[in-house]
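One file, target.cif, is given below (mmCIF, C-alpha atoms).
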data_coords
#
loop_
_atom_site.label_atom_id
_atom_site.label_comp_id
_atom_site.auth_asym_id
_atom_site.auth_seq_id
_atom_site.Cartn_x
_atom_site.Cartn_y
_atom_site.Cartn_z
CA MET A 1 -41.44 -100.88 52.94
CA GLU A 2 -40.26 -102.55 56.11
CA ILE A 3 -39.61 -100.60 59.29
CA ARG A 4 -36.29 -102.40 59.60
CA VAL A 5 -35.14 -101.15 56.18
CA LEU A 6 -36.26 -97.60 56.96
CA ARG A 7 -34.02 -97.71 60.02
CA TYR A 8 -31.19 -98.89 57.79
CA PHE A 9 -31.81 -96.00 55.39
CA LEU A 10 -31.82 -93.42 58.21
CA THR A 11 -28.53 -94.81 59.50
CA VAL A 12 -26.95 -94.47 56.05
CA ALA A 13 -28.27 -90.90 55.78
CA ARG A 14 -26.75 -90.10 59.17
CA GLU A 15 -23.38 -91.77 58.67
CA GLU A 16 -23.04 -90.65 55.02
CA THR A 17 -21.14 -93.85 54.16
CA ILE A 18 -22.22 -97.44 53.72
CA THR A 19 -19.15 -98.57 55.66
CA GLY A 20 -19.94 -96.37 58.67
CA ALA A 21 -23.62 -97.31 58.60
CA ALA A 22 -22.85 -101.04 58.36
CA ALA A 23 -20.55 -100.76 61.38
CA ALA A 24 -23.20 -98.89 63.37
CA LEU A 25 -25.80 -101.51 62.47
CA HIS A 26 -23.46 -104.47 63.10
CA MET A 27 -24.03 -105.91 59.64
CA THR A 28 -21.89 -106.47 56.55
CA GLN A 29 -21.45 -103.76 53.96
CA PRO A 30 -22.72 -105.92 51.02
CA THR A 31 -25.88 -106.86 52.95
CA LEU A 32 -26.64 -103.20 53.76
CA SER A 33 -25.96 -102.10 50.16
CA ARG A 34 -28.34 -104.77 48.89
CA GLN A 35 -31.10 -103.66 51.28
CA ILE A 36 -30.78 -100.03 50.14
CA ARG A 37 -30.80 -101.00 46.45
CA GLU A 38 -33.94 -103.09 47.01
CA LEU A 39 -35.58 -100.10 48.75
CA GLU A 40 -34.75 -97.92 45.72
CA ARG A 41 -36.22 -100.53 43.38
CA GLU A 42 -39.35 -100.79 45.51
CA LEU A 43 -39.91 -97.03 45.42
CA GLY A 44 -38.78 -96.64 41.83
CA LYS A 45 -36.54 -93.71 42.75
CA LYS A 46 -32.85 -93.15 43.33
CA LEU A 47 -32.36 -92.20 46.97
CA LEU A 48 -28.59 -91.83 47.28
CA GLU A 49 -25.81 -90.19 45.31
CA ARG A 50 -22.78 -92.39 45.90
CA GLY A 51 -19.66 -90.21 45.84
CA THR A 52 -16.02 -91.11 46.29
CA HIS A 53 -15.84 -90.19 49.95
CA LYS A 54 -19.43 -89.89 51.13
CA ILE A 55 -23.04 -90.47 50.26
CA THR A 56 -25.52 -87.63 49.78
CA LEU A 57 -29.30 -87.77 49.51
CA THR A 58 -31.19 -87.05 46.33
CA LYS A 59 -34.34 -84.92 46.40
CA GLU A 60 -36.34 -88.13 46.79
CA GLY A 61 -33.92 -89.27 49.49
CA PHE A 62 -34.51 -86.11 51.52
CA LEU A 63 -38.27 -86.67 51.29
CA LEU A 64 -37.95 -90.29 52.40
CA ARG A 65 -35.71 -89.29 55.32
CA LYS A 66 -38.36 -86.85 56.56
CA ARG A 67 -41.16 -89.40 56.21
CA ALA A 68 -39.05 -92.24 57.65
CA GLU A 69 -38.23 -90.17 60.74
CA GLU A 70 -41.95 -89.55 61.30
CA ILE A 71 -42.81 -93.22 60.76
CA ILE A 72 -40.09 -94.52 63.07
CA SER A 73 -41.03 -91.97 65.74
CA LEU A 74 -44.66 -93.09 65.60
CA VAL A 75 -43.70 -96.78 65.67
CA ASP A 76 -41.45 -96.25 68.71
CA LYS A 77 -44.18 -94.27 70.45
CA THR A 78 -46.77 -96.99 69.77
CA GLU A 79 -44.49 -99.78 70.99
CA GLY A 80 -43.79 -97.81 74.16
CA GLU A 81 -47.53 -97.39 74.79
CA PHE A 82 -48.15 -101.13 74.51
CA ARG A 83 -45.20 -101.97 76.73
CA SER A 84 -46.67 -99.74 79.44
CA MET A 85 -50.07 -101.52 79.49
CA GLY A 86 -51.06 -103.86 82.27
CA GLY A 87 -48.59 -102.90 84.99
CA ALA A 88 -47.59 -99.83 86.95
CA VAL A 89 -48.24 -96.63 85.00
CA GLU A 90 -45.13 -95.87 83.02
CA GLY A 91 -44.27 -94.89 79.49
CA ASP A 92 -43.72 -91.79 77.41
CA VAL A 93 -45.53 -88.46 77.17
CA TYR A 94 -44.77 -86.24 74.16
CA ILE A 95 -45.30 -82.48 74.54
CA GLY A 96 -44.69 -79.80 71.92
CA GLY A 97 -44.73 -76.04 72.23
CA GLY A 98 -43.18 -72.72 71.41
CA GLU A 99 -41.08 -70.61 73.69
CA THR A 100 -43.20 -69.59 76.67
CA ARG A 101 -42.81 -69.40 80.41
CA GLY A 102 -46.09 -71.30 80.62
CA LEU A 103 -44.08 -74.50 80.25
CA HIS A 104 -42.96 -74.19 83.87
CA ARG A 105 -46.58 -74.87 84.96
CA ILE A 106 -46.47 -78.08 82.91
CA ALA A 107 -43.11 -78.94 84.47
CA GLU A 108 -44.52 -78.43 87.98
CA ALA A 109 -47.35 -80.88 87.26
CA ALA A 110 -44.88 -83.42 85.82
CA LYS A 111 -42.67 -83.09 88.90
CA ASP A 112 -45.66 -83.60 91.19
CA LEU A 113 -46.73 -86.71 89.25
CA GLN A 114 -43.21 -88.10 89.31
CA LYS A 115 -43.56 -89.00 92.98
CA ASP A 116 -46.36 -91.48 92.21
CA CYS A 117 -45.33 -92.48 88.68
CA PRO A 118 -41.54 -92.41 88.41
CA GLY A 119 -41.69 -94.58 85.29
CA ILE A 120 -43.22 -91.84 83.12
CA ARG A 121 -40.74 -90.14 80.77
CA TYR A 122 -41.36 -86.78 79.12
CA HIS A 123 -40.20 -85.77 75.65
CA LEU A 124 -40.28 -82.09 74.68
CA TYR A 125 -40.46 -80.79 71.12
CA SER A 126 -39.84 -77.09 70.42
CA GLY A 127 -41.54 -75.45 67.47
CA ASN A 128 -44.06 -72.83 66.45
CA ALA A 129 -47.82 -73.46 66.46
CA GLN A 130 -47.83 -74.80 62.90
CA ASP A 131 -45.02 -77.26 63.68
CA VAL A 132 -46.73 -78.42 66.86
CA THR A 133 -50.22 -78.91 65.43
CA GLU A 134 -48.79 -80.75 62.41
CA ARG A 135 -47.08 -83.22 64.73
CA LEU A 136 -50.23 -83.49 66.86
CA ASP A 137 -52.25 -84.36 63.75
CA LYS A 138 -49.74 -87.05 62.76
CA GLY A 139 -49.84 -88.62 66.23
CA LEU A 140 -46.23 -87.74 67.01
CA LEU A 141 -47.21 -85.60 70.01
CA ASP A 142 -49.74 -86.16 72.77
CA PHE A 143 -50.09 -82.50 73.76
CA GLY A 144 -49.27 -79.07 72.40
CA LEU A 145 -48.78 -75.88 74.40
CA LEU A 146 -50.05 -73.00 72.25
CA ILE A 147 -50.10 -69.24 72.64
CA GLN A 148 -53.51 -67.73 71.96
CA PRO A 149 -55.19 -66.66 69.76
CA PHE A 150 -55.10 -69.77 67.61
CA ASP A 151 -57.79 -71.66 65.76
CA LEU A 152 -58.41 -74.73 67.90
CA SER A 153 -61.02 -76.40 65.72
CA GLY A 154 -60.56 -80.14 65.96
CA TYR A 155 -58.81 -80.01 69.33
CA GLU A 156 -59.73 -80.19 72.99
CA SER A 157 -57.95 -77.93 75.42
CA LEU A 158 -57.17 -76.82 78.94
CA THR A 159 -56.47 -73.23 79.86
CA ILE A 160 -53.06 -72.74 81.46
CA PRO A 161 -53.29 -70.19 84.30
CA GLU A 162 -50.40 -68.17 82.94
CA THR A 163 -50.24 -65.02 80.81
CA ASP A 164 -47.38 -63.98 78.55
CA THR A 165 -46.64 -60.29 78.08
CA TRP A 166 -45.35 -59.04 74.74
CA GLY A 167 -42.54 -56.55 74.51
CA VAL A 168 -39.26 -55.70 72.83
CA VAL A 169 -35.86 -57.33 73.36
CA MET A 170 -33.10 -54.78 72.74
CA ARG A 171 -29.54 -53.94 73.60
CA LYS A 172 -29.10 -52.16 76.94
CA ASP A 173 -27.22 -49.36 75.18
CA SER A 174 -30.07 -48.68 72.71
CA PRO A 175 -32.05 -45.40 73.05
CA LEU A 176 -35.33 -47.21 73.84
CA ALA A 177 -33.72 -48.98 76.81
CA LYS A 178 -34.06 -45.74 78.80
CA GLN A 179 -37.87 -46.06 78.64
CA GLU A 180 -40.10 -48.12 80.93
CA THR A 181 -42.36 -49.19 78.04
CA VAL A 182 -42.33 -49.07 74.23
CA ARG A 183 -45.08 -47.53 72.10
CA LYS A 184 -45.65 -48.19 68.42
CA GLU A 185 -44.39 -44.71 67.50
CA ASP A 186 -41.02 -45.68 68.99
CA LEU A 187 -40.66 -48.57 66.54
CA LEU A 188 -41.81 -47.14 63.22
CA ASP A 189 -38.30 -46.04 62.20
CA LYS A 190 -36.44 -48.97 63.80
CA PRO A 191 -35.16 -52.23 62.21
CA LEU A 192 -37.42 -54.96 63.61
CA ILE A 193 -37.03 -58.69 64.15
CA PHE A 194 -40.38 -60.51 64.07
CA SER A 195 -41.64 -64.00 64.79
CA ARG A 196 -42.30 -65.76 61.48
CA GLN A 197 -45.40 -67.42 62.91
CA ALA A 198 -46.99 -64.11 63.84
CA MET A 199 -46.31 -62.70 60.39
CA ASP A 200 -47.74 -65.78 58.67
CA GLU A 201 -51.12 -65.45 60.37
CA GLY A 202 -52.44 -62.81 57.97
CA GLU A 203 -55.33 -60.87 59.44
CA ASN A 204 -54.94 -62.81 62.69
CA ASN A 205 -51.45 -61.35 63.06
CA GLU A 206 -51.12 -60.01 66.61
CA TYR A 207 -48.59 -57.45 65.44
CA ARG A 208 -50.94 -56.14 62.75
CA ARG A 209 -53.68 -55.61 65.30
CA TRP A 210 -51.36 -53.80 67.71
CA PHE A 211 -49.69 -51.55 65.11
CA GLY A 212 -52.95 -50.92 63.29
CA ALA A 213 -52.69 -48.83 60.11
CA ASP A 214 -48.94 -48.37 60.68
CA TYR A 215 -48.19 -52.09 60.26
CA ASP A 216 -47.33 -51.83 56.56
CA ARG A 217 -44.78 -49.08 57.31
CA LEU A 218 -42.64 -51.33 59.51
CA ASN A 219 -39.06 -52.20 58.60
CA VAL A 220 -38.80 -55.93 59.30
CA VAL A 221 -35.17 -56.92 58.66
CA THR A 222 -35.19 -60.45 60.13
CA THR A 223 -37.74 -63.15 60.97
CA PHE A 224 -37.25 -66.01 63.40
CA ASN A 225 -38.78 -69.27 64.52
CA LEU A 226 -37.47 -69.49 68.09
CA LEU A 227 -36.09 -66.58 70.11
CA PHE A 228 -32.62 -67.88 70.98
CA ASN A 229 -31.17 -67.09 67.55
CA ALA A 230 -33.16 -63.85 67.32
CA ALA A 231 -31.53 -62.68 70.55
CA ILE A 232 -28.11 -63.23 68.98
CA MET A 233 -29.16 -60.98 66.08
CA VAL A 234 -30.31 -58.32 68.54
CA GLU A 235 -27.04 -58.52 70.45
CA ALA A 236 -25.15 -58.09 67.17
CA GLY A 237 -27.05 -54.85 66.57
CA MET A 238 -29.37 -56.05 63.80
CA GLY A 239 -32.50 -54.59 65.35
CA TYR A 240 -35.25 -54.87 67.95
CA ALA A 241 -37.03 -58.22 68.48
CA LEU A 242 -40.70 -58.40 69.43
CA SER A 243 -41.18 -61.27 71.82
CA ILE A 244 -42.97 -62.40 74.93
CA GLY A 245 -41.11 -61.60 78.14
CA ARG A 246 -38.83 -63.69 80.35
CA LEU A 247 -37.41 -65.78 77.50
CA ALA A 248 -34.26 -63.99 76.37
CA ASP A 249 -31.37 -63.64 78.81
CA THR A 250 -31.75 -60.13 80.22
CA SER A 251 -29.72 -60.70 83.39
CA ALA A 252 -27.20 -58.20 84.73
CA GLU A 253 -24.44 -59.97 82.79
CA SER A 254 -26.37 -59.86 79.50
CA ALA A 255 -26.13 -57.11 76.89
CA LEU A 256 -29.90 -57.30 76.41
CA CYS A 257 -32.99 -55.97 78.18
CA PHE A 258 -36.75 -56.30 77.75
CA ARG A 259 -39.35 -53.52 77.70
CA PRO A 260 -43.11 -54.28 77.60
CA LEU A 261 -45.37 -52.78 74.97
CA GLU A 262 -47.69 -49.87 75.75
CA PRO A 263 -50.63 -50.28 75.42
CA LYS A 264 -50.14 -53.71 76.97
CA LEU A 265 -50.36 -56.78 74.73
CA GLU A 266 -50.87 -60.10 76.51
CA ALA A 267 -51.41 -63.66 75.37
CA SER A 268 -53.15 -66.51 77.16
CA LEU A 269 -52.00 -70.12 76.92
CA CYS A 270 -53.69 -73.45 76.52
CA LEU A 271 -52.72 -77.10 76.33
CA VAL A 272 -54.36 -78.87 73.38
CA TRP A 273 -54.74 -82.41 72.10
CA LYS A 274 -56.56 -84.01 69.18
CA ARG A 275 -60.28 -84.43 69.61
CA TYR A 276 -61.18 -88.09 70.23
CA GLN A 277 -57.54 -88.80 71.05
CA VAL A 278 -56.88 -92.27 72.49
CA PHE A 279 -54.14 -91.73 75.07
CA SER A 280 -51.59 -94.12 76.45
CA ASP A 281 -51.93 -94.79 80.17
CA ALA A 282 -49.03 -92.41 80.85
CA ALA A 283 -50.57 -89.56 78.83
CA GLU A 284 -53.99 -90.15 80.42
CA VAL A 285 -52.57 -90.01 83.95
CA PHE A 286 -50.62 -86.87 83.07
CA LEU A 287 -53.75 -85.16 81.73
CA GLU A 288 -55.65 -86.03 84.90
CA LYS A 289 -52.83 -84.51 86.95
CA LEU A 290 -53.05 -81.31 84.91
CA ARG A 291 -56.80 -81.13 85.44
CA GLU A 292 -56.25 -81.62 89.15
CA VAL A 293 -53.52 -78.97 89.37
CA PHE A 294 -55.38 -76.39 87.28
CA ARG A 295 -58.80 -77.37 88.69
CA VAL A 296 -60.33 -76.97 85.22
CA VAL A 297 -63.06 -79.00 83.57
CA PRO A 298 -62.33 -78.64 79.84
CA SER A 299 -64.92 -77.74 77.24
CA ILE A 300 -64.31 -78.78 73.64
CA ASP A 301 -65.64 -75.52 72.20
CA LYS A 302 -64.77 -73.07 74.95
CA PHE A 303 -61.47 -71.95 73.48
CA HIS A 304 -62.35 -71.95 69.79
CA ARG A 305 -61.93 -68.72 67.90
CA PRO A 306 -65.37 -67.50 66.80
#
Please rewrite the model in this file as structure tokens.
Amino acid sequence: MEIRVLRYFLTVAREETITGAAAALHMTQPTLSRQIRELERELGKKLLERGTHKITLTKEGFLLRKRAEEIISLVDKTEGEFRSMGGAVEGDVYIGGGETRGLHRIAEAAKDLQKDCPGIRYHLYSGNAQDVTERLDKGLLDFGLLIQPFDLSGYESLTIPETDTWGVVMRKDSPLAKQETVRKEDLLDKPLIFSRQAMDEGENNEYRRWFGADYDRLNVVTTFNLLFNAAIMVEAGMGYALSIGRLADTSAESALCFRPLEPKLEASLCLVWKRYQVFSDAAEVFLEKLREVFRVVPSIDKFHRP
């Protein structure tokens, strides 16, 4: 497979017509059609269903689109790293993470570095810990910002001097909004909205540890990946969302509020990268800035779960 042809295929998948894709690529329709047919022959699979008005992807086409996006992203990242070599430090830094206020500490370091290295560009990817570490392992991200606890085997890390506090996002007119804090007894009979990542962690589930023996009695009506959509469900009256604080809009104009858990449940944060990672100049300079700002000398094993 050629990178060029993968780009052609992604354009066809996006435009959903050969005509539209050919126009976007500034090439003739017959030439593009021939390239796609040759790609199908090379892979031995049909990639496109050619309808009257638009093209749809087959099951194999969906798989190739996912892999092609990863390949093209890695190629673009690699080319950018080589372009940045030998001159002033510039290039791209790729950072992934979940929803956490800890990102503002990363943003402060990036802003401070910008004065000396204005040619560095930052690309943020939002996802849960599984999404982020998968992209780290594939080389699509330089760094991941993870909420602890998390198994960091195979990674190096820096502690972020920031702590997230867990609590409940709810409507301001809900009965629990009158309380300063929320205890587990308050939630046993309530419809709950939980982070899918936390529920997928089995015995390492933070919620399971906090609720203890009552965990299996909970009424979880919705799960979520990122909080923005979960907050919409809360506002609609679907239930109470467990989340870290300061993420959902709980301003005076909002219908929502946040109440911390009692006893308190907090999470520390760390920035991770693959062990033995070879960084671009831009990523290396950014990491040195973080070490300077946080005044931390990292230890490979310090943050590993025992």
If we count all atoms listed in the file, what is near Glu134 (chain A) at a cut-off of 12 Å, once residues fewer than 5 positions away on the same chain are taken out, given as a VMD selection string?
chain A and resid 70 96 to 97 127 to 129 139 to 144 273 to 274
Output C-alpha atoms for every residue in the selection just made, as an mmCIF file, in the coordinates of the input.
data_model
loop_
_atom_site.group_PDB
_atom_site.id
_atom_site.type_symbol
_atom_site.label_atom_id
_atom_site.label_comp_id
_atom_site.auth_asym_id
_atom_site.auth_seq_id
_atom_site.Cartn_x
_atom_site.Cartn_y
_atom_site.Cartn_z
ATOM 1 C CA GLU A 70 -41.950 -89.550 61.300
ATOM 2 C CA GLY A 96 -44.690 -79.800 71.920
ATOM 3 C CA GLY A 97 -44.730 -76.040 72.230
ATOM 4 C CA GLY A 127 -41.540 -75.450 67.470
ATOM 5 C CA ASN A 128 -44.060 -72.830 66.450
ATOM 6 C CA ALA A 129 -47.820 -73.460 66.460
ATOM 7 C CA GLY A 139 -49.840 -88.620 66.230
ATOM 8 C CA LEU A 140 -46.230 -87.740 67.010
ATOM 9 C CA LEU A 141 -47.210 -85.600 70.010
ATOM 10 C CA ASP A 142 -49.740 -86.160 72.770
ATOM 11 C CA PHE A 143 -50.090 -82.500 73.760
ATOM 12 C CA GLY A 144 -49.270 -79.070 72.400
ATOM 13 C CA TRP A 273 -54.740 -82.410 72.100
ATOM 14 C CA LYS A 274 -56.560 -84.010 69.180
#
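Look at region 250-256 of chain A: the protein and nucleic acid residues within 6 Å of it, using all atoms listed in the file and passing over chain neighbours fewer than 4 places away, are Met170, Arg171 and Lys172 of chain A.
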Skipping near chain neighbours, those fewer than 3 positions away, what residues fall within 10 Å of Leu287 (chain A) using all atoms listed in the file, listed as a compact mmCIF listing (two decimals) with C-alpha atoms, in the frame of the given file?
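Now in selection.txt:
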# COMPACT_ATOMS: atom_id res chain seq x y z
CA VAL A 93 -45.53 -88.46 77.17
CA ALA A 109 -47.35 -80.88 87.26
CA ALA A 110 -44.88 -83.42 85.82
CA ASP A 142 -49.74 -86.16 72.77
CA PHE A 143 -50.09 -82.50 73.76
CA LEU A 158 -57.17 -76.82 78.94
CA LEU A 271 -52.72 -77.10 76.33
CA PHE A 279 -54.14 -91.73 75.07
CA ASP A 281 -51.93 -94.79 80.17
CA ALA A 282 -49.03 -92.41 80.85
CA ALA A 283 -50.57 -89.56 78.83
CA GLU A 284 -53.99 -90.15 80.42
CA LEU A 290 -53.05 -81.31 84.91
CA ARG A 291 -56.80 -81.13 85.44
CA GLU A 292 -56.25 -81.62 89.15
CA VAL A 293 -53.52 -78.97 89.37
Nearby residues (only C-alpha atoms) at most 12 Å from Ile244 (chain A), same-chain spacing under 5 positions excluded, as a list in words
Gly98, Glu99, Thr100, Arg101, Gly102, Ile147, Thr163, Asp164, Thr165, Trp166, Gly167, Val168, Val169, Phe194, Ser195, Ala198, Glu206, Leu226, Leu227, Phe258, Arg259, Pro260, Leu261, Lys264, Leu265, Glu266, Ala267 and Ser268 of chain A
Applied to this file, what does the PyMOL selection byres ((chain A and resi 217) around 12) return in terms of residues, put as a PDB file with C-alpha atoms, in the frame of the given file?
ATOM      1  CA  LYS A 184     -45.650 -48.190  68.420  1.00  0.00           C
ATOM      2  CA  GLU A 185     -44.390 -44.710  67.500  1.00  0.00           C
ATOM      3  CA  LEU A 187     -40.660 -48.570  66.540  1.00  0.00           C
ATOM      4  CA  LEU A 188     -41.810 -47.140  63.220  1.00  0.00           C
ATOM      5  CA  ASP A 189     -38.300 -46.040  62.200  1.00  0.00           C
ATOM      6  CA  LYS A 190     -36.440 -48.970  63.800  1.00  0.00           C
ATOM      7  CA  PRO A 191     -35.160 -52.230  62.210  1.00  0.00           C
ATOM      8  CA  LEU A 192     -37.420 -54.960  63.610  1.00  0.00           C
ATOM      9  CA  ARG A 208     -50.940 -56.140  62.750  1.00  0.00           C
ATOM     10  CA  PHE A 211     -49.690 -51.550  65.110  1.00  0.00           C
ATOM     11  CA  GLY A 212     -52.950 -50.920  63.290  1.00  0.00           C
ATOM     12  CA  ALA A 213     -52.690 -48.830  60.110  1.00  0.00           C
ATOM     13  CA  ASP A 214     -48.940 -48.370  60.680  1.00  0.00           C
ATOM     14  CA  TYR A 215     -48.190 -52.090  60.260  1.00  0.00           C
ATOM     15  CA  ASP A 216     -47.330 -51.830  56.560  1.00  0.00           C
ATOM     16  CA  LEU A 218     -42.640 -51.330  59.510  1.00  0.00           C
ATOM     17  CA  ASN A 219     -39.060 -52.200  58.600  1.00  0.00           C
ATOM     18  CA  VAL A 220     -38.800 -55.930  59.300  1.00  0.00           C
TER      19      VAL A 220
END
Reconstruct N, CA, C and O atoms of region 253-272 of chain A from the incomplete input and present them as a PDB file, in the coordinates of the input.
ATOM      1  N   GLU A 253     -25.627 -59.675  83.602  1.00  0.00           N
ATOM      2  CA  GLU A 253     -24.440 -59.970  82.790  1.00  0.00           C
ATOM      3  C   GLU A 253     -24.731 -59.879  81.299  1.00  0.00           C
ATOM      4  O   GLU A 253     -23.804 -59.846  80.482  1.00  0.00           O
ATOM      5  N   SER A 254     -26.011 -59.859  80.902  1.00  0.00           N
ATOM      6  CA  SER A 254     -26.370 -59.860  79.500  1.00  0.00           C
ATOM      7  C   SER A 254     -26.299 -58.451  78.904  1.00  0.00           C
ATOM      8  O   SER A 254     -26.440 -57.444  79.612  1.00  0.00           O
ATOM      9  N   ALA A 255     -26.111 -58.405  77.597  1.00  0.00           N
ATOM     10  CA  ALA A 255     -26.130 -57.110  76.890  1.00  0.00           C
ATOM     11  C   ALA A 255     -27.540 -56.696  76.518  1.00  0.00           C
ATOM     12  O   ALA A 255     -27.735 -55.606  75.963  1.00  0.00           O
ATOM     13  N   LEU A 256     -28.535 -57.535  76.850  1.00  0.00           N
ATOM     14  CA  LEU A 256     -29.900 -57.300  76.410  1.00  0.00           C
ATOM     15  C   LEU A 256     -30.825 -56.917  77.565  1.00  0.00           C
ATOM     16  O   LEU A 256     -30.561 -57.233  78.730  1.00  0.00           O
ATOM     17  N   CYS A 257     -31.928 -56.259  77.216  1.00  0.00           N
ATOM     18  CA  CYS A 257     -32.990 -55.970  78.180  1.00  0.00           C
ATOM     19  C   CYS A 257     -34.330 -56.129  77.477  1.00  0.00           C
ATOM     20  O   CYS A 257     -34.400 -56.242  76.252  1.00  0.00           O
ATOM     21  N   PHE A 258     -35.397 -56.120  78.277  1.00  0.00           N
ATOM     22  CA  PHE A 258     -36.750 -56.300  77.750  1.00  0.00           C
ATOM     23  C   PHE A 258     -37.622 -55.153  78.248  1.00  0.00           C
ATOM     24  O   PHE A 258     -37.576 -54.798  79.428  1.00  0.00           O
ATOM     25  N   ARG A 259     -38.413 -54.577  77.345  1.00  0.00           N
ATOM     26  CA  ARG A 259     -39.350 -53.520  77.700  1.00  0.00           C
ATOM     27  C   ARG A 259     -40.731 -53.900  77.177  1.00  0.00           C
ATOM     28  O   ARG A 259     -40.880 -54.211  75.989  1.00  0.00           O
ATOM     29  N   PRO A 260     -41.762 -53.900  78.034  1.00  0.00           N
ATOM     30  CA  PRO A 260     -43.110 -54.280  77.600  1.00  0.00           C
ATOM     31  C   PRO A 260     -43.716 -53.229  76.669  1.00  0.00           C
ATOM     32  O   PRO A 260     -43.319 -52.061  76.681  1.00  0.00           O
ATOM     33  N   LEU A 261     -44.677 -53.682  75.869  1.00  0.00           N
ATOM     34  CA  LEU A 261     -45.370 -52.780  74.970  1.00  0.00           C
ATOM     35  C   LEU A 261     -46.403 -51.951  75.725  1.00  0.00           C
ATOM     36  O   LEU A 261     -46.952 -52.379  76.742  1.00  0.00           O
ATOM     37  N   GLU A 262     -46.652 -50.760  75.219  1.00  0.00           N
ATOM     38  CA  GLU A 262     -47.690 -49.870  75.750  1.00  0.00           C
ATOM     39  C   GLU A 262     -48.476 -49.296  74.574  1.00  0.00           C
ATOM     40  O   GLU A 262     -47.880 -48.642  73.716  1.00  0.00           O
ATOM     41  N   PRO A 263     -49.790 -49.556  74.467  1.00  0.00           N
ATOM     42  CA  PRO A 263     -50.630 -50.280  75.420  1.00  0.00           C
ATOM     43  C   PRO A 263     -50.248 -51.761  75.515  1.00  0.00           C
ATOM     44  O   PRO A 263     -49.718 -52.331  74.567  1.00  0.00           O
ATOM     45  N   LYS A 264     -50.554 -52.354  76.662  1.00  0.00           N
ATOM     46  CA  LYS A 264     -50.140 -53.710  76.970  1.00  0.00           C
ATOM     47  C   LYS A 264     -50.738 -54.707  75.978  1.00  0.00           C
ATOM     48  O   LYS A 264     -51.899 -54.595  75.575  1.00  0.00           O
ATOM     49  N   LEU A 265     -49.917 -55.685  75.586  1.00  0.00           N
ATOM     50  CA  LEU A 265     -50.360 -56.780  74.730  1.00  0.00           C
ATOM     51  C   LEU A 265     -50.026 -58.079  75.437  1.00  0.00           C
ATOM     52  O   LEU A 265     -48.854 -58.363  75.704  1.00  0.00           O
ATOM     53  N   GLU A 266     -51.067 -58.850  75.779  1.00  0.00           N
ATOM     54  CA  GLU A 266     -50.870 -60.100  76.510  1.00  0.00           C
ATOM     55  C   GLU A 266     -51.443 -61.268  75.732  1.00  0.00           C
ATOM     56  O   GLU A 266     -52.323 -61.103  74.885  1.00  0.00           O
ATOM     57  N   ALA A 267     -50.947 -62.445  76.035  1.00  0.00           N
ATOM     58  CA  ALA A 267     -51.410 -63.660  75.370  1.00  0.00           C
ATOM     59  C   ALA A 267     -51.691 -64.727  76.413  1.00  0.00           C
ATOM     60  O   ALA A 267     -50.887 -64.944  77.320  1.00  0.00           O
ATOM     61  N   SER A 268     -52.834 -65.387  76.280  1.00  0.00           N
ATOM     62  CA  SER A 268     -53.150 -66.510  77.160  1.00  0.00           C
ATOM     63  C   SER A 268     -52.603 -67.794  76.539  1.00  0.00           C
ATOM     64  O   SER A 268     -52.201 -67.831  75.378  1.00  0.00           O
ATOM     65  N   LEU A 269     -52.594 -68.841  77.336  1.00  0.00           N
ATOM     66  CA  LEU A 269     -52.000 -70.120  76.920  1.00  0.00           C
ATOM     67  C   LEU A 269     -52.991 -71.248  77.122  1.00  0.00           C
ATOM     68  O   LEU A 269     -53.820 -71.195  78.039  1.00  0.00           O
ATOM     69  N   CYS A 270     -52.876 -72.259  76.283  1.00  0.00           N
ATOM     70  CA  CYS A 270     -53.690 -73.450  76.520  1.00  0.00           C
ATOM     71  C   CYS A 270     -52.933 -74.694  76.063  1.00  0.00           C
ATOM     72  O   CYS A 270     -52.061 -74.628  75.187  1.00  0.00           O
ATOM     73  N   LEU A 271     -53.256 -75.796  76.711  1.00  0.00           N
ATOM     74  CA  LEU A 271     -52.720 -77.100  76.330  1.00  0.00           C
ATOM     75  C   LEU A 271     -53.778 -77.775  75.473  1.00  0.00           C
ATOM     76  O   LEU A 271     -54.943 -77.837  75.856  1.00  0.00           O
ATOM     77  N   VAL A 272     -53.385 -78.273  74.296  1.00  0.00           N
ATOM     78  CA  VAL A 272     -54.360 -78.870  73.380  1.00  0.00           C
ATOM     79  C   VAL A 272     -53.968 -80.291  73.033  1.00  0.00           C
ATOM     80  O   VAL A 272     -52.799 -80.683  73.157  1.00  0.00           O
TER      81      VAL A 272
END
